[in-house]
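*Asks:* Shown below is the structure under consideration.
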Amino acid sequence: MSSAYFGSRLRKGAVNTTVAALAVAALAASQAPDVTADSAGRQTTTDAPAADPATGDGATGNSPYYTDLPPLNSPNPAPSASTGTTPTGTGSAEAGIPATVLDAYKKAEAKLAQSKPGCNLPWQLLAAIGKVESGQARGGRVSADGTTFAPILGPVLNGVGFANISDTDNGAYDGDSTYDRAVGPMQFIPSTWEWAGRDGNDDGRKDPNNIYDAALAAGHYLCRYNWDMATSSGLRSAILSYNNSTDYYNTVISWLEYYRKGSHEIPDGTGSVPSNRSDDDNGTTPRTPATPAAPHKPGTPATPDKPGTPGKPSTPPVTPKPPATPTDTVHHLEDAGTATLTAMAGDAFTARIGTRAEAAAGKAVAKVRVRFTITGDTDAAFAGGESVATVVTDSKGVASAPALRAGEKTGAFTVRATVVGRTVTALTYRATVTERAADTLTRAATTDLTCEAGGEFAEEIELKATYGGAAADKVAATATLITSADEPTTNDKGPYFKDADGNPVRTWTLSTDDDGLLKLPKLYADDTAGTYLLRVTTAGGATLTLDLTVTAPEPTTPTPDPGESQDPSTPPSTTPSPEPGAS
């Protein structure tokens with residue numbers, strides 16, 4: 001039996017565990033020294049959570065996965081030193097990844113390297129998860145844009161053998177309006193896809209059945225807590241947050257290690273689909289051989305069996321109803337005294353959102369996960385830069401959302417509070433981001449601003465903008481040469497600024513720097529002497545008016561003719577010159 005065939009037929013059990021343990025130990029040895037592995041391949045870390053703190057149920061709702069393991073031998077031929085992959089269509093079958101699927105993984109890696117470089121996400125990790133979740137989108141059965149030809153759905157999550165997750169999408173993704181099911185090549189449950197979904201192929205949609213969208217979403221999901229995939233502890237935390245199972249972790253690690261040693265591209269639709277799932281008990285438990293019948297003595301006819309007494313029809317087994325959880329008792333959500341949510345662009349919101357989970361009679365329900373999702377055209381975010389946060393209610397039934405921080409986009413947005421794992425009416429909070437503002441403008445210098453007509457002002461004006469006593473950074477401002485204090489129209493005479501082409505302009509827009517300083521460009525004067533006004537205003541209403549003085553030029557003294565040597569104080573002589581020839 002070839003090693004490739006052997007690998008594809010492995011089931012979970014002793015062999016599966018041994019191979020996975022070897023892969024875990026090998027990967028632990030190749031990564032940062034923050035993990036240890038015992039002889040069985042079990043890892044010990046200090047910061048790997050037992051469950052995903054955001055969702056509890058992981059990205060997949062802990063749905064079943066494929067348990068097939070890679071071959072024991074490394075991919076053949078070895079990967080190219082320059083590309084890290086073997087040539088298209090060569091090497092062992094298990095190392096082949098359908099072309100579109102492989103492209104999606106690599107593009108997701110590139111995008112995460114830009115947006116979250118500290119995560120160090122390798123595309124091979126996405127390939128390993130894609131392998132165990134859907135067999136690489138069922139062997140690459142996807143269209144040119146990466147969409148699966150048919151939806152890939154996990155089992156109904158009704159609490160019988162799996163998590164109990166009531167419908168959260170009204171069947172929009174999974175076609176089930178009673179319970180949720182994991183969807184797509186990366187097997188996201190709808191409630192997770194609602195906030196984790198991404199548009200990976202830039203078609204304006206977030207489709208869990210599209211491998212580009214799903215791969216990018218999986219990358220963001222794995223990187224959302226700043227876990228570093230270059231460390232074994234960060235890698236372990238991320239994988240367990242996707243599906244909180246040690247067997248799942250070991251299986252993913254096995255494929256990750258295998259793909260890191262080499263892989264190659266194969267045509268779409270030609271990949272094999274794994275055959276063994278974690279919920280498949282067929283062949284996973286060794287059976288006890290049947291005891292053979294005792295042989296008859298020679299020459300002795302066998303005694304025929306007596307007809308048995310017909311038995312009573314067996315009663316079909318009754319599936320026990322899962323015990324009620326705190327989530328099952330939630331009837332509605334109430335606001336827990338949230339103040340008005342308003343903040344200036346770039347600032348933190350002083351008010352925090354509080355949501356109370358209540359039963360039908362108004363009693364508080366503790367230990368319920370409440371998800372807060374920022375929606376709308378905004379770049380506001382919770383602490384850590386995420387647009388979604390999940391918080392467990394306290395003993396008073398209250399979940400306090402992390403602090404909100406405004407981005408640079410002004411306007412209104414909303415925060416939706418929903419119960420994870422139960423369909424109740426969402427609670428919506430409206431928040432507003434206002435433009436950056438200043439309420440005070442001051443000039444540090446006290447010297448007069450003077451200039452001779454036709455010249456330029458020696459001092460470049462610098463002002464300080466503050467709001468509530470603190471430096472007001474990045475605040476928009478306008479400087480205008482006005483006609484008078486009572487007539488703030490633009491003056492067409494007197495001092496002026498110069499634009500890029502050297503033309504005079506008497507209105508200039510600018511903004512404060514990070515320290516709240518406002519530095520005006522150089523001022524020039526035309527030939528008109530007089531006193532002029534420069535008014536500077538900022539967003540928020542801060543205003544300062546400065547006096548500018550333009551003086552007439554000093555009178556010039558005539559320069560004597562160099563040919564004249566006569567003292568100008570001596571009157572010219574009136575004695576006539578003697579006529580020629582006179583003696």
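Identifiers in the structure tokens: chain A, B, ... in order shown; residue index from 1 per chain; ligand index from 1 in order shown.
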Using DSSP on the backbone, list every residue of region 418-561 of chain A that comes out as strand (DSSP E), and give them as JSON, numbers by chain.
*Replies:* {"A": [418, 419, 427, 428, 429, 430, 431, 432, 433, 434, 440, 441, 442, 443, 449, 450, 451, 452, 462, 463, 464, 465, 466, 467, 470, 471, 476, 477, 478, 479, 480, 481, 482, 497, 498, 504, 505, 507, 508, 509, 510, 511, 517, 518, 519, 530, 531, 532, 533, 534, 535, 536, 537, 538, 543, 544, 545, 546, 547, 548, 549, 550, 551]}
*Asks:* How close does each residue of region 353-469 of chain A get to region 523-546 of chain A, giving the shortest atom pair and distance in Å to one decimal for every residue with an atom at most 12 Å away, counting only C-alpha atoms, sorted by chain and residue number, as a Markdown table?
*Replies:*
```
| residue | atom | partner | partner_atom | distance |
| --- | --- | --- | --- | --- |
| A:Thr434 | CA | A:Gly540 | CA | 9.9 |
| A:Glu435 | CA | A:Ala539 | CA | 7.5 |
| A:Arg436 | CA | A:Ala539 | CA | 6.8 |
| A:Ala437 | CA | A:Gly540 | CA | 4.4 |
| A:Ala438 | CA | A:Gly540 | CA | 5.2 |
| A:Asp439 | CA | A:Ala542 | CA | 4.5 |
| A:Thr440 | CA | A:Ala542 | CA | 4.9 |
| A:Leu441 | CA | A:Ala542 | CA | 5.9 |
| A:Thr442 | CA | A:Leu544 | CA | 7.2 |
| A:Arg443 | CA | A:Leu544 | CA | 8.6 |
| A:Ala445 | CA | A:Leu546 | CA | 11.6 |
| A:Thr446 | CA | A:Leu546 | CA | 10.8 |
| A:Thr447 | CA | A:Leu546 | CA | 11.2 |
| A:Asp448 | CA | A:Leu546 | CA | 9.5 |
| A:Leu449 | CA | A:Leu546 | CA | 8.4 |
| A:Thr450 | CA | A:Thr531 | CA | 9.2 |
| A:Cys451 | CA | A:Ala525 | CA | 7.0 |
| A:Glu452 | CA | A:Ala525 | CA | 7.3 |
| A:Ala453 | CA | A:Asp527 | CA | 4.7 |
| A:Gly454 | CA | A:Asp526 | CA | 4.7 |
| A:Gly455 | CA | A:Ala525 | CA | 5.5 |
| A:Glu456 | CA | A:Tyr524 | CA | 4.1 |
| A:Phe457 | CA | A:Leu523 | CA | 5.5 |
| A:Ala458 | CA | A:Leu523 | CA | 8.3 |
| A:Glu459 | CA | A:Leu523 | CA | 8.4 |
| A:Glu460 | CA | A:Leu523 | CA | 7.3 |
| A:Ile461 | CA | A:Leu523 | CA | 8.7 |
| A:Glu462 | CA | A:Val536 | CA | 11.0 |
| A:Leu463 | CA | A:Leu544 | CA | 9.2 |
| A:Lys464 | CA | A:Leu544 | CA | 10.6 |
| A:Ala465 | CA | A:Ala542 | CA | 8.0 |
| A:Thr466 | CA | A:Ala542 | CA | 8.8 |
| A:Tyr467 | CA | A:Gly540 | CA | 8.8 |
| A:Gly468 | CA | A:Gly540 | CA | 11.4 |
```
*Asks:* Can you list, as a list of chain:residue names, every protein, DNA or RNA residue that comes within 9 Å of Glu386 (chain A) when you count only C-alpha atoms, leaving out same-chain residues fewer than 4 positions away?
*Replies:* A:Arg224, A:Ile374, A:Ala380, A:Ala381, A:Phe382
*Asks:* Do you know which residues are at most 8 Å from Gly61 (chain A) counting only C-alpha atoms, after dropping those on the same chain fewer than 4 positions away, and could you put them as a list of chain:residue names?
*Replies:*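 Contacts, in chain order: A:Asp57, A:Leu157, A:Ala163, A:Ile165, A:Ala182, A:Phe188, A:Ile189, A:Asn243.
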*Asks:* Please produce an output containing N, CA and C atoms for each residue in the selection, written as a PDB file, in the first residue's frame.
*Replies:*
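Saved as result.pdb:
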```pdb
ATOM      1  N   ASP A  57     -18.047  29.207  20.807  1.00  0.00           N
ATOM      2  CA  ASP A  57     -18.268  28.059  19.949  1.00  0.00           C
ATOM      3  C   ASP A  57     -17.301  28.017  18.767  1.00  0.00           C
ATOM      4  N   LEU A 157     -27.046  22.263  13.703  1.00  0.00           N
ATOM      5  CA  LEU A 157     -26.516  22.464  15.058  1.00  0.00           C
ATOM      6  C   LEU A 157     -27.685  22.579  16.033  1.00  0.00           C
ATOM      7  N   ALA A 163     -23.028  21.470  18.831  1.00  0.00           N
ATOM      8  CA  ALA A 163     -23.463  22.653  19.567  1.00  0.00           C
ATOM      9  C   ALA A 163     -24.938  22.922  19.288  1.00  0.00           C
ATOM     10  N   ILE A 165     -27.199  25.774  18.443  1.00  0.00           N
ATOM     11  CA  ILE A 165     -27.198  27.172  18.014  1.00  0.00           C
ATOM     12  C   ILE A 165     -28.476  27.429  17.228  1.00  0.00           C
ATOM     13  N   ALA A 182     -22.941  25.303   9.742  1.00  0.00           N
ATOM     14  CA  ALA A 182     -21.707  25.881   9.212  1.00  0.00           C
ATOM     15  C   ALA A 182     -21.795  25.934   7.690  1.00  0.00           C
ATOM     16  N   PHE A 188     -17.957  28.623   8.228  1.00  0.00           N
ATOM     17  CA  PHE A 188     -18.362  29.630   9.205  1.00  0.00           C
ATOM     18  C   PHE A 188     -19.823  29.436   9.572  1.00  0.00           C
ATOM     19  N   ILE A 189     -20.149  29.561  10.867  1.00  0.00           N
ATOM     20  CA  ILE A 189     -21.559  29.604  11.233  1.00  0.00           C
ATOM     21  C   ILE A 189     -22.070  31.018  10.919  1.00  0.00           C
ATOM     22  N   ASN A 243     -11.872  26.015  16.292  1.00  0.00           N
ATOM     23  CA  ASN A 243     -12.626  24.833  16.699  1.00  0.00           C
ATOM     24  C   ASN A 243     -11.957  24.319  17.965  1.00  0.00           C
TER      25      ASN A 243
END
```
*Asks:* Nearest residue to Ile239 (chain A) out of A:Asn164, A:Asn62, A:Thr425, A:Asn503, using only C-alpha atoms?
*Replies:*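 Of A:Asn164, A:Asn62, A:Thr425, A:Asn503, the one nearest Ile239 (chain A), counting only C-alpha atoms, is A:Asn62.
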*Asks:* To one decimal in Å, tell me the separation between CA of Pro521 (chain A) and CA of Gly494 (chain A).
*Replies:*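 Answer for the CA of Pro521 (chain A) to CA of Gly494 (chain A) separation: 15.9 Å.
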*Asks:* Mind checking which residues fall within 10 Å of Val424 (chain A), counting only C-alpha atoms, ignoring those fewer than 4 positions away in the same chain, and posting them as a ChimeraX atom specification?
*Replies:* /A:168,330-333,418-420
*Asks:* Restricted to all heavy atoms, what would the selected residues look like written as a PDB file, in the first residue's frame?
*Replies:*
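Saved the output as selection-v4.pdb:
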```pdb
ATOM      1  N   THR A 168     -29.774  32.227  13.403  1.00  0.00           N
ATOM      2  CA  THR A 168     -29.388  33.632  13.556  1.00  0.00           C
ATOM      3  C   THR A 168     -29.486  34.411  12.260  1.00  0.00           C
ATOM      4  O   THR A 168     -29.315  35.629  12.263  1.00  0.00           O
ATOM      5  CB  THR A 168     -27.946  33.752  14.097  1.00  0.00           C
ATOM      6  OG1 THR A 168     -27.040  33.122  13.179  1.00  0.00           O
ATOM      7  CG2 THR A 168     -27.817  33.109  15.469  1.00  0.00           C
ATOM      8  N   VAL A 330     -33.169  33.914  27.813  1.00  0.00           N
ATOM      9  CA  VAL A 330     -33.200  35.337  27.462  1.00  0.00           C
ATOM     10  C   VAL A 330     -34.426  35.629  26.609  1.00  0.00           C
ATOM     11  O   VAL A 330     -34.676  34.961  25.602  1.00  0.00           O
ATOM     12  CB  VAL A 330     -31.919  35.762  26.709  1.00  0.00           C
ATOM     13  CG1 VAL A 330     -32.011  37.229  26.287  1.00  0.00           C
ATOM     14  CG2 VAL A 330     -30.698  35.543  27.586  1.00  0.00           C
ATOM     15  N   HIS A 331     -35.180  36.638  27.019  1.00  0.00           N
ATOM     16  CA  HIS A 331     -36.385  37.030  26.279  1.00  0.00           C
ATOM     17  C   HIS A 331     -36.157  38.314  25.486  1.00  0.00           C
ATOM     18  O   HIS A 331     -36.653  38.470  24.372  1.00  0.00           O
ATOM     19  CB  HIS A 331     -37.560  37.227  27.252  1.00  0.00           C
ATOM     20  CG  HIS A 331     -38.827  37.673  26.593  1.00  0.00           C
ATOM     21  ND1 HIS A 331     -39.206  39.003  26.489  1.00  0.00           N
ATOM     22  CD2 HIS A 331     -39.811  36.956  25.986  1.00  0.00           C
ATOM     23  CE1 HIS A 331     -40.355  39.097  25.860  1.00  0.00           C
ATOM     24  NE2 HIS A 331     -40.753  37.865  25.543  1.00  0.00           N
ATOM     25  N   HIS A 332     -35.387  39.241  26.039  1.00  0.00           N
ATOM     26  CA  HIS A 332     -35.157  40.515  25.370  1.00  0.00           C
ATOM     27  C   HIS A 332     -33.929  41.192  25.960  1.00  0.00           C
ATOM     28  O   HIS A 332     -33.386  40.771  26.992  1.00  0.00           O
ATOM     29  CB  HIS A 332     -36.375  41.436  25.501  1.00  0.00           C
ATOM     30  CG  HIS A 332     -36.713  41.761  26.935  1.00  0.00           C
ATOM     31  ND1 HIS A 332     -37.512  40.956  27.712  1.00  0.00           N
ATOM     32  CD2 HIS A 332     -36.332  42.793  27.734  1.00  0.00           C
ATOM     33  CE1 HIS A 332     -37.631  41.472  28.926  1.00  0.00           C
ATOM     34  NE2 HIS A 332     -36.923  42.585  28.967  1.00  0.00           N
ATOM     35  N   LEU A 333     -33.495  42.220  25.287  1.00  0.00           N
ATOM     36  CA  LEU A 333     -32.370  43.046  25.748  1.00  0.00           C
ATOM     37  C   LEU A 333     -32.876  44.427  26.116  1.00  0.00           C
ATOM     38  O   LEU A 333     -33.773  44.968  25.466  1.00  0.00           O
ATOM     39  CB  LEU A 333     -31.301  43.161  24.650  1.00  0.00           C
ATOM     40  CG  LEU A 333     -30.570  41.889  24.238  1.00  0.00           C
ATOM     41  CD1 LEU A 333     -29.657  42.175  23.058  1.00  0.00           C
ATOM     42  CD2 LEU A 333     -29.775  41.304  25.403  1.00  0.00           C
ATOM     43  N   THR A 418     -26.608  41.971  20.160  1.00  0.00           N
ATOM     44  CA  THR A 418     -27.385  40.758  19.924  1.00  0.00           C
ATOM     45  C   THR A 418     -26.928  39.680  20.899  1.00  0.00           C
ATOM     46  O   THR A 418     -25.815  39.725  21.424  1.00  0.00           O
ATOM     47  CB  THR A 418     -27.212  40.243  18.486  1.00  0.00           C
ATOM     48  OG1 THR A 418     -25.814  40.036  18.225  1.00  0.00           O
ATOM     49  CG2 THR A 418     -27.763  41.236  17.478  1.00  0.00           C
ATOM     50  N   VAL A 419     -27.791  38.707  21.114  1.00  0.00           N
ATOM     51  CA  VAL A 419     -27.449  37.569  21.977  1.00  0.00           C
ATOM     52  C   VAL A 419     -26.855  36.474  21.103  1.00  0.00           C
ATOM     53  O   VAL A 419     -27.459  36.080  20.095  1.00  0.00           O
ATOM     54  CB  VAL A 419     -28.694  37.041  22.714  1.00  0.00           C
ATOM     55  CG1 VAL A 419     -28.329  35.815  23.559  1.00  0.00           C
ATOM     56  CG2 VAL A 419     -29.284  38.131  23.592  1.00  0.00           C
ATOM     57  N   VAL A 420     -25.695  35.991  21.471  1.00  0.00           N
ATOM     58  CA  VAL A 420     -25.045  34.923  20.714  1.00  0.00           C
ATOM     59  C   VAL A 420     -25.768  33.610  20.986  1.00  0.00           C
ATOM     60  O   VAL A 420     -25.936  33.207  22.130  1.00  0.00           O
ATOM     61  CB  VAL A 420     -23.553  34.798  21.101  1.00  0.00           C
ATOM     62  CG1 VAL A 420     -22.908  33.638  20.352  1.00  0.00           C
ATOM     63  CG2 VAL A 420     -22.822  36.091  20.802  1.00  0.00           C
TER      64      VAL A 420
END
```
*Asks:* Excluding Ser400 (chain A) and its own-chain neighbours fewer than 5 positions away, which residues fall within 8 Å of it when counting only C-alpha atoms? Please give them as JSON, numbers by chain.
*Replies:* {"A": [352, 353, 354, 355, 391, 393]}
*Asks:* Store the residues of this selection in a file with N, CA and C atoms, as a CSV table (one decimal), in the first residue's frame.
*Replies:*
```csv
chain,number,residue,atom,x,y,z
A,352,ARG,N,-19.8,54.6,27.8
A,352,ARG,CA,-19.7,53.1,27.4
A,352,ARG,C,-21.1,52.6,27.2
A,353,ILE,N,-21.2,51.6,26.3
A,353,ILE,CA,-22.5,51.0,26.0
A,353,ILE,C,-22.7,49.9,27.0
A,354,GLY,N,-23.9,49.8,27.7
A,354,GLY,CA,-24.2,48.8,28.6
A,354,GLY,C,-25.5,48.2,28.2
A,355,THR,N,-25.6,46.8,28.1
A,355,THR,CA,-26.8,46.1,27.6
A,355,THR,C,-27.1,45.1,28.7
A,391,VAL,N,-19.1,40.1,24.8
A,391,VAL,CA,-18.9,40.2,26.2
A,391,VAL,C,-20.0,39.4,27.0
A,393,THR,N,-22.4,38.6,30.1
A,393,THR,CA,-23.1,39.4,31.1
A,393,THR,C,-22.7,39.0,32.5
```
*Asks:* In Å to one decimal, how far is CA of Leu72 (chain A) from CA of Tyr105 (chain A)?
*Replies:* 24.0 Å
*Asks:* For each of A:Thr432, A:Thr507, A:Thr556, A:Phe413, take the minimum atom-to-atom distance to Thr489 (chain A), counting only C-alpha atoms, then give the residue where this is smallest.
*Replies:*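 Smallest distance to Thr489 (chain A) is found for A:Thr507.
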*Asks:* State, in Å with one decimal place, the distance from CA of Leu235 (chain A) to CA of Leu222 (chain A).
*Replies:* 8.6 Å
*Asks:* Neighbours of Thr178 (chain A) within 8 Å (only C-alpha atoms; same-chain residues fewer than 5 positions away dropped), as number ranges by chain?
*Replies:* A: 166-167, 170-171
*Asks:* Where in region 134-219 of chain A does DSSP assign alpha helix (DSSP H), given as a CSV table (one decimal) with all heavy atoms, in the first residue's frame?
*Replies:*
```csv
chain,number,residue,atom,x,y,z
A,134,SER,N,-13.3,21.4,4.6
A,134,SER,CA,-14.1,21.1,3.4
A,134,SER,C,-13.3,20.3,2.3
A,134,SER,O,-13.8,20.1,1.2
A,134,SER,CB,-14.6,22.4,2.7
A,134,SER,OG,-13.5,23.1,2.2
A,135,GLY,N,-12.1,19.8,2.6
A,135,GLY,CA,-11.3,19.1,1.6
A,135,GLY,C,-11.0,20.0,0.5
A,135,GLY,O,-11.1,19.7,-0.7
A,136,GLN,N,-10.6,21.3,0.8
A,136,GLN,CA,-10.2,22.3,-0.2
A,136,GLN,C,-11.4,22.6,-1.1
A,136,GLN,O,-11.3,22.5,-2.3
A,136,GLN,CB,-8.9,21.9,-1.0
A,136,GLN,CG,-7.8,21.5,-0.2
A,136,GLN,CD,-7.2,22.5,0.8
A,136,GLN,OE1,-7.9,23.5,1.1
A,136,GLN,NE2,-6.0,22.3,1.3
A,137,ALA,N,-12.5,23.0,-0.5
A,137,ALA,CA,-13.7,23.3,-1.3
A,137,ALA,C,-14.1,22.1,-2.2
A,137,ALA,O,-14.4,22.3,-3.3
A,137,ALA,CB,-13.5,24.6,-2.1
A,138,ARG,N,-14.1,20.9,-1.5
A,138,ARG,CA,-14.5,19.7,-2.2
A,138,ARG,C,-13.7,19.5,-3.5
A,138,ARG,O,-14.2,19.2,-4.6
A,138,ARG,CB,-16.0,19.7,-2.6
A,138,ARG,CG,-16.9,19.6,-1.4
A,138,ARG,CD,-18.4,19.6,-1.8
A,138,ARG,NE,-19.3,19.4,-0.6
A,138,ARG,CZ,-20.5,19.8,-0.6
A,138,ARG,NH1,-21.1,20.4,-1.6
A,138,ARG,NH2,-21.3,19.6,0.5
A,139,GLY,N,-12.4,19.5,-3.2
A,139,GLY,CA,-11.5,19.3,-4.3
A,139,GLY,C,-11.4,20.4,-5.3
A,139,GLY,O,-11.0,20.2,-6.5
A,140,GLY,N,-11.7,21.6,-4.9
A,140,GLY,CA,-11.6,22.7,-5.8
A,140,GLY,C,-12.8,22.9,-6.8
A,140,GLY,O,-12.6,23.4,-7.9
A,190,PRO,N,-23.4,31.2,10.6
A,190,PRO,CA,-23.9,32.5,10.1
A,190,PRO,C,-23.6,33.6,11.1
A,190,PRO,O,-23.3,34.7,10.7
A,190,PRO,CB,-25.4,32.2,9.9
A,190,PRO,CG,-25.4,30.7,9.5
A,190,PRO,CD,-24.4,30.1,10.4
A,191,SER,N,-23.8,33.3,12.4
A,191,SER,CA,-23.6,34.4,13.4
A,191,SER,C,-22.2,34.9,13.4
A,191,SER,O,-22.0,36.1,13.7
A,191,SER,CB,-24.0,33.9,14.8
A,191,SER,OG,-23.3,32.8,15.2
A,192,THR,N,-21.2,34.1,13.1
A,192,THR,CA,-19.8,34.5,13.1
A,192,THR,C,-19.6,35.2,11.7
A,192,THR,O,-18.9,36.2,11.7
A,192,THR,CB,-18.9,33.3,13.2
A,192,THR,OG1,-19.1,32.7,14.5
A,192,THR,CG2,-17.4,33.8,13.2
A,193,TRP,N,-20.1,34.7,10.7
A,193,TRP,CA,-19.9,35.3,9.4
A,193,TRP,C,-20.5,36.7,9.3
A,193,TRP,O,-19.9,37.6,8.6
A,193,TRP,CB,-20.5,34.5,8.2
A,193,TRP,CG,-20.3,35.1,6.9
A,193,TRP,CD1,-21.1,35.9,6.1
A,193,TRP,CD2,-19.1,35.0,6.1
A,193,TRP,NE1,-20.5,36.2,5.0
A,193,TRP,CE2,-19.2,35.7,5.0
A,193,TRP,CE3,-17.8,34.3,6.4
A,193,TRP,CZ2,-18.2,35.8,4.0
A,193,TRP,CZ3,-16.8,34.4,5.4
A,193,TRP,CH2,-17.0,35.1,4.2
A,194,GLU,N,-21.5,37.0,10.1
A,194,GLU,CA,-22.1,38.3,10.1
A,194,GLU,C,-21.1,39.4,10.4
A,194,GLU,O,-21.2,40.5,9.8
A,194,GLU,CB,-23.3,38.4,11.2
A,194,GLU,CG,-23.9,39.7,11.3
A,194,GLU,CD,-24.9,39.8,12.4
A,194,GLU,OE1,-25.1,38.7,13.1
A,194,GLU,OE2,-25.5,40.8,12.7
A,195,TRP,N,-20.2,39.1,11.3
A,195,TRP,CA,-19.2,40.2,11.6
A,195,TRP,C,-17.8,39.8,11.1
A,195,TRP,O,-17.0,40.7,10.9
A,195,TRP,CB,-19.1,40.4,13.1
A,195,TRP,CG,-18.7,39.1,13.9
A,195,TRP,CD1,-19.5,38.3,14.5
A,195,TRP,CD2,-17.4,38.7,14.3
A,195,TRP,NE1,-18.9,37.3,15.2
A,195,TRP,CE2,-17.5,37.5,15.0
A,195,TRP,CE3,-16.1,39.2,13.9
A,195,TRP,CZ2,-16.4,36.8,15.5
A,195,TRP,CZ3,-15.0,38.5,14.4
A,195,TRP,CH2,-15.2,37.3,15.2
A,196,ALA,N,-17.5,38.6,10.8
A,196,ALA,CA,-16.2,38.2,10.4
A,196,ALA,C,-16.0,38.2,8.9
A,196,ALA,O,-14.9,38.1,8.4
A,196,ALA,CB,-15.8,36.8,11.0
A,211,ILE,N,-14.4,31.2,-1.9
A,211,ILE,CA,-13.2,30.8,-1.3
A,211,ILE,C,-12.3,32.0,-1.0
A,211,ILE,O,-11.6,32.1,0.0
A,211,ILE,CB,-12.4,29.7,-2.1
A,211,ILE,CG1,-11.2,29.3,-1.3
A,211,ILE,CG2,-12.0,30.2,-3.5
A,211,ILE,CD1,-11.4,28.7,0.1
A,212,TYR,N,-12.4,33.0,-1.9
A,212,TYR,CA,-11.6,34.3,-1.7
A,212,TYR,C,-12.1,35.0,-0.4
A,212,TYR,O,-11.4,35.5,0.4
A,212,TYR,CB,-11.6,35.2,-2.9
A,212,TYR,CG,-10.8,34.7,-4.0
A,212,TYR,CD1,-11.4,34.0,-5.1
A,212,TYR,CD2,-9.4,34.9,-4.1
A,212,TYR,CE1,-10.7,33.6,-6.2
A,212,TYR,CE2,-8.7,34.4,-5.2
A,212,TYR,CZ,-9.3,33.8,-6.2
A,212,TYR,OH,-8.5,33.3,-7.2
A,213,ASP,N,-13.5,35.1,-0.3
A,213,ASP,CA,-14.1,35.8,0.8
A,213,ASP,C,-13.8,35.0,2.1
A,213,ASP,O,-13.5,35.6,3.1
A,213,ASP,CB,-15.6,36.0,0.6
A,213,ASP,CG,-15.9,36.9,-0.6
A,213,ASP,OD1,-14.9,37.5,-1.1
A,213,ASP,OD2,-17.1,37.1,-0.9
A,214,ALA,N,-14.0,33.7,2.0
A,214,ALA,CA,-13.9,32.8,3.2
A,214,ALA,C,-12.5,32.7,3.7
A,214,ALA,O,-12.2,32.8,4.9
A,214,ALA,CB,-14.5,31.4,2.9
A,215,ALA,N,-11.5,32.7,2.8
A,215,ALA,CA,-10.1,32.6,3.2
A,215,ALA,C,-9.7,33.8,3.9
A,215,ALA,O,-9.0,33.8,4.9
A,215,ALA,CB,-9.2,32.3,2.0
A,216,LEU,N,-10.0,35.0,3.3
A,216,LEU,CA,-9.7,36.3,4.0
A,216,LEU,C,-10.3,36.4,5.3
A,216,LEU,O,-9.7,36.9,6.3
A,216,LEU,CB,-10.0,37.4,3.0
A,216,LEU,CG,-9.6,38.8,3.5
A,216,LEU,CD1,-8.1,38.9,3.7
A,216,LEU,CD2,-10.0,39.9,2.6
A,217,ALA,N,-11.6,36.0,5.4
A,217,ALA,CA,-12.3,36.1,6.7
A,217,ALA,C,-11.7,35.2,7.7
A,217,ALA,O,-11.5,35.6,8.9
A,217,ALA,CB,-13.8,35.7,6.5
A,218,ALA,N,-11.3,34.0,7.3
A,218,ALA,CA,-10.6,33.1,8.2
A,218,ALA,C,-9.3,33.7,8.7
A,218,ALA,O,-9.0,33.6,9.9
A,218,ALA,CB,-10.3,31.7,7.5
A,219,GLY,N,-8.5,34.3,7.8
A,219,GLY,CA,-7.3,35.0,8.2
A,219,GLY,C,-7.5,36.0,9.3
A,219,GLY,O,-6.8,36.1,10.3
```
